[in-house]
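**Q** Input: one structure, supplied below.
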Amino acid sequence: MKKIFSRPECLKPTPFHYCPGCGHSILHRLVAEVIDEMNLRGRIIGIPPAGCAVLAYDYFDIDMCEAAHGRGCAVATGFKRSRPECIIFTYQGDGDMAAIGTAETLHAANRGENITSIFVNNAVYGMTGGQMAPTTILGQKTTTSPFGRRSNVEGYPLKITEIISTLPGAAYVARTSLATPAKVMATKKTIKKAFETQLAGLGYSLVEVLSPCPTNWKISSIESFKYLEERLELEYPLGVMKEVTTEKGS
C-alpha cells in the first residue's frame, strides 16, 4: 500500500509538550512541510522564543538558535548579515513580539532586514499562567483582567501586524488563522510566500497566525476553534496587508 501521509523530514519524532488543542503543534508541522517542500533544510536557521515554543529546537531537525525573550529579530539580523545565503526565520508569540520584543521587531522591519517572522497570536500569555497580553481583545478575561479587558483601564489590543505593514522595509505582511482545515492550508501557503519573499531578497516578511489556547481561555479544544473564528478573527481580520513584488530601486 502506498504511503501518502507521514511526518515531515525536518520534524523530529519527538512528542510535543503542548496542551491538547494548542495551535503550536499544527503550526510546527506546517513550517516543517514548507521547509521540506522548498528544499531549505540545509540552509535554514530558526530562532525560537521564550514562552510556550521555547523547546521548538527539540522538534525541528534543522539548525536552531535560542534567543532571549523578545530578541528574536535582533538575533535573526545577526545571522542573516553574517550568513546571507541562509534563510532565517523567527518563531515568536504575542508576548515575545508585541510586548518585550516590540522595539527589535519594528526596527528590524523598518530596516528591511531580509528575514521572516512567524508570529503566533493566541491573545494571552500561555506559558506564564494566562495573563493579559498586548493582543488580548476587549472583554476577554485573563488572570490579570478577571473582569475582561477594558479600554479605559488596560487600553486597546495592539495590532502589531498592521503597524509593521506601514513600514517601508516590510515586503510581505499577512495574517492567517488555524480555525478550520481550509485556513490551515491557507496558512501553509502564506508561510511559503514569506520564505519566497526572503529568497527574492525583497525585505522583511511577517506572517501572523491566529492560534487557539484552550487551556488559558478555559474552554474546550472544540470551543476554542469556534472562539478563534467568532471573536479573534473579528478583532484581527485575515488577509495580506502588504506585498512587495520587486526590489527597491528596480
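Every chain in the C-alpha cells takes a letter, A first, then B, and so on in the order presented; its residues are numbered from 1, and the ligands are numbered from 1 following the presented order.
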Could you give me, as a list in words, the residues within 12 Å of A:Lys183, counting only C-alpha atoms and dropping anything in the same chain fewer than 2 positions from it?
**A**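 Within the cut-off, the hits are Ile26, Leu27, Leu30, Arg175, Thr176, Ser177, Leu178, Ala179, Thr180, Pro181, Met185, Ala186, Thr187, Lys188, Lys189, Thr190, Val209, Leu210, Ser211, Phe225, Leu228, Glu229, Glu233, Leu238 and Gly239 of chain A.
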**Q** Considering only C-alpha atoms, return as a VMD selection string whatever protein or nucleic-acid residues lie within 8 Å of A:Ile88, sequence-local ones (same chain, fewer than 2 positions apart) excluded.
**A** chain A and resid 44 to 47 76 79 to 80 86 90 115 to 116
**Q** Rank nothing, just name the residue among A:Gly169, A:Gly201, A:Gly95, A:Gly155 nearest to A:Ala133, using only C-alpha atoms.
**A**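 Looking only at the distances to A:Ala133, the closest residue turns out to be A:Gly95.
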**Q** Looking at only C-alpha atoms, which of A:Arg111, A:Arg7, A:Arg231, A:Lys12 is the one that sits closest to A:Tyr59?
**A** A:Lys12
**Q** Neighbours of A:Ser6 within 12 Å (only C-alpha atoms; same-chain residues fewer than 6 positions away dropped), as a PyMOL selection string?
**A** chain A and resi 12-13+29+32-33
**Q** So that I have them on file, write out the residues from the current selection with C-alpha atoms, as a compact mmCIF listing (two decimals), in the first residue's frame.
**A**
# COMPACT_ATOMS: atom_id res chain seq x y z
CA LYS A 12 11.89 15.06 14.80
CA PRO A 13 9.92 12.03 16.09
CA ARG A 29 4.06 20.81 11.10
CA ALA A 32 8.29 21.77 8.57
CA GLU A 33 6.29 20.84 5.47
**Q** Name the residues in contact with A:Glu196 at a cut-off of 10 Å, using only C-alpha atoms, excluding same-chain residues fewer than 6 positions from it; report them as an mmCIF file with C-alpha atoms, in the first residue's frame.
**A**
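The resulting around-v1.cif:
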data_model
loop_
_atom_site.group_PDB
_atom_site.id
_atom_site.type_symbol
_atom_site.label_atom_id
_atom_site.label_comp_id
_atom_site.auth_asym_id
_atom_site.auth_seq_id
_atom_site.Cartn_x
_atom_site.Cartn_y
_atom_site.Cartn_z
ATOM 1 C CA MET A 38 11.129 24.130 -0.684
ATOM 2 C CA ILE A 87 17.107 31.510 5.198
ATOM 3 C CA THR A 116 10.983 36.139 8.132
ATOM 4 C CA TYR A 172 5.281 40.836 2.824
ATOM 5 C CA THR A 190 1.314 32.144 3.324
ATOM 6 C CA LEU A 202 12.761 41.800 -1.018
ATOM 7 C CA SER A 205 8.319 39.320 5.871
#
**Q** Can you tell me, as a list in words, what residues are no more than 9 Å from A:Tyr156 when counting only C-alpha atoms, ignoring any on the same chain fewer than 5 positions away?
**A**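 That gives Pro134, Thr135, Thr136, Ile137, Leu138, Arg149, Arg150 and Ser151 of chain A.
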**Q** Using C-alpha atoms, can you write the selected residues to a file as a compact mmCIF listing (two decimals), in the first residue's frame?
**A**
# COMPACT_ATOMS: atom_id res chain seq x y z
CA PRO A 134 -0.93 43.23 24.38
CA THR A 135 -3.09 41.28 21.92
CA THR A 136 -5.84 40.34 24.41
CA ILE A 137 -9.13 41.55 22.94
CA LEU A 138 -11.62 43.85 24.65
CA ARG A 149 -10.05 43.79 29.16
CA ARG A 150 -11.31 47.38 29.40
CA SER A 151 -10.12 50.08 27.04
**Q** Would you mind telling me which residue in A:Asn114, A:Asn216, A:Asn152, A:Thr128 lies nearest to A:Thr197 when using only C-alpha atoms?
**A**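 Closest to A:Thr197 of all the choices is A:Asn114.
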**Q** For A:Glu104, please output as a list in words all residues within 6 Å (counting only C-alpha atoms; exclusion window: fewer than 2 positions along the same chain).
**A**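 Returned residues: Cys73, Ala74, Gly101, Thr102, Leu106 and His107 of chain A.
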**Q** Restricting it to N, CA and C atoms, dump the selection as a PDB file, in the first residue's frame.
**A**
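The new file again-v4.pdb reads:
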ATOM      1  N   CYS A  73      14.273  38.962  16.477  1.00  0.00           N
ATOM      2  CA  CYS A  73      14.635  39.665  15.245  1.00  0.00           C
ATOM      3  C   CYS A  73      16.055  40.217  15.294  1.00  0.00           C
ATOM      4  N   ALA A  74      16.536  40.555  16.500  1.00  0.00           N
ATOM      5  CA  ALA A  74      17.913  41.021  16.636  1.00  0.00           C
ATOM      6  C   ALA A  74      18.888  39.873  16.353  1.00  0.00           C
ATOM      7  N   GLY A 101       9.476  42.408  22.851  1.00  0.00           N
ATOM      8  CA  GLY A 101      10.273  42.474  21.625  1.00  0.00           C
ATOM      9  C   GLY A 101       9.773  43.472  20.604  1.00  0.00           C
ATOM     10  N   THR A 102       8.887  44.379  21.004  1.00  0.00           N
ATOM     11  CA  THR A 102       8.321  45.320  20.039  1.00  0.00           C
ATOM     12  C   THR A 102       9.402  46.145  19.343  1.00  0.00           C
ATOM     13  N   LEU A 106      10.049  46.001  15.295  1.00  0.00           N
ATOM     14  CA  LEU A 106       9.736  47.160  14.462  1.00  0.00           C
ATOM     15  C   LEU A 106      10.975  47.693  13.743  1.00  0.00           C
ATOM     16  N   HIS A 107      12.081  47.749  14.444  1.00  0.00           N
ATOM     17  CA  HIS A 107      13.280  48.300  13.817  1.00  0.00           C
ATOM     18  C   HIS A 107      13.863  47.349  12.771  1.00  0.00           C
TER      19      HIS A 107
END
**Q** By how many Å are atom CA of A:Ala171 and atom CA of A:Pro8 apart?
**A**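 We find that atom CA of A:Ala171 and atom CA of A:Pro8 lie 28.2 Å from each other.
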**Q** Give me the residues near stretch 60-66 of chain A as a list in words, where near means some atom within 9 Å (using only C-alpha atoms) and where sequence neighbours in that chain fewer than 3 positions away do not count.
**A**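 My list of contacting residues is Glu9, Cys10, Leu11, Lys12, His28, Ala32, Arg41, Gly42, Arg43, Ile44, Ile45, Gly46, Ile47, Pro48, Pro49, Ala50, Val54, Leu55, Ala56, Tyr57, Gly72 and Val75 of chain A.
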**Q** Could you take the residues named above and write them with C-alpha atoms, as a PDB file, in the first residue's frame?
**A**
ATOM      1  CA  GLU A   9      11.632  15.000   7.336  1.00  0.00           C
ATOM      2  CA  CYS A  10      12.712  18.073   9.293  1.00  0.00           C
ATOM      3  CA  LEU A  11      10.351  17.347  12.192  1.00  0.00           C
ATOM      4  CA  LYS A  12      11.888  15.060  14.804  1.00  0.00           C
ATOM      5  CA  HIS A  28       5.166  23.377  13.646  1.00  0.00           C
ATOM      6  CA  ALA A  32       8.292  21.771   8.574  1.00  0.00           C
ATOM      7  CA  ARG A  41      16.605  22.111   5.246  1.00  0.00           C
ATOM      8  CA  GLY A  42      20.343  22.507   4.712  1.00  0.00           C
ATOM      9  CA  ARG A  43      20.295  26.285   4.608  1.00  0.00           C
ATOM     10  CA  ILE A  44      17.607  27.402   7.064  1.00  0.00           C
ATOM     11  CA  ILE A  45      18.070  28.621  10.650  1.00  0.00           C
ATOM     12  CA  GLY A  46      15.195  29.040  13.096  1.00  0.00           C
ATOM     13  CA  ILE A  47      15.091  31.349  16.119  1.00  0.00           C
ATOM     14  CA  PRO A  48      12.677  30.021  18.784  1.00  0.00           C
ATOM     15  CA  PRO A  49      11.302  32.301  21.515  1.00  0.00           C
ATOM     16  CA  ALA A  50      10.858  32.309  25.232  1.00  0.00           C
ATOM     17  CA  VAL A  54      10.812  27.674  23.830  1.00  0.00           C
ATOM     18  CA  LEU A  55      11.548  23.987  23.141  1.00  0.00           C
ATOM     19  CA  ALA A  56      10.993  24.263  19.387  1.00  0.00           C
ATOM     20  CA  TYR A  57      14.594  23.185  18.858  1.00  0.00           C
ATOM     21  CA  GLY A  72      14.381  37.106  18.033  1.00  0.00           C
ATOM     22  CA  VAL A  75      19.441  37.516  16.664  1.00  0.00           C
TER      23      VAL A  75
END
**Q** DSSP on the backbone: what in stretch 93-239 of chain A comes out strand (DSSP E or B), as a PyMOL selection string?
**A** chain A and resi 93+116-121+138+142+145+149+170-177+204-210+239
**Q** Between atom CA of A:Asn110 and atom CA of A:Ala123, what distance in Å does the model show, to one decimal?
**A**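 It comes out at 24.4 Å.
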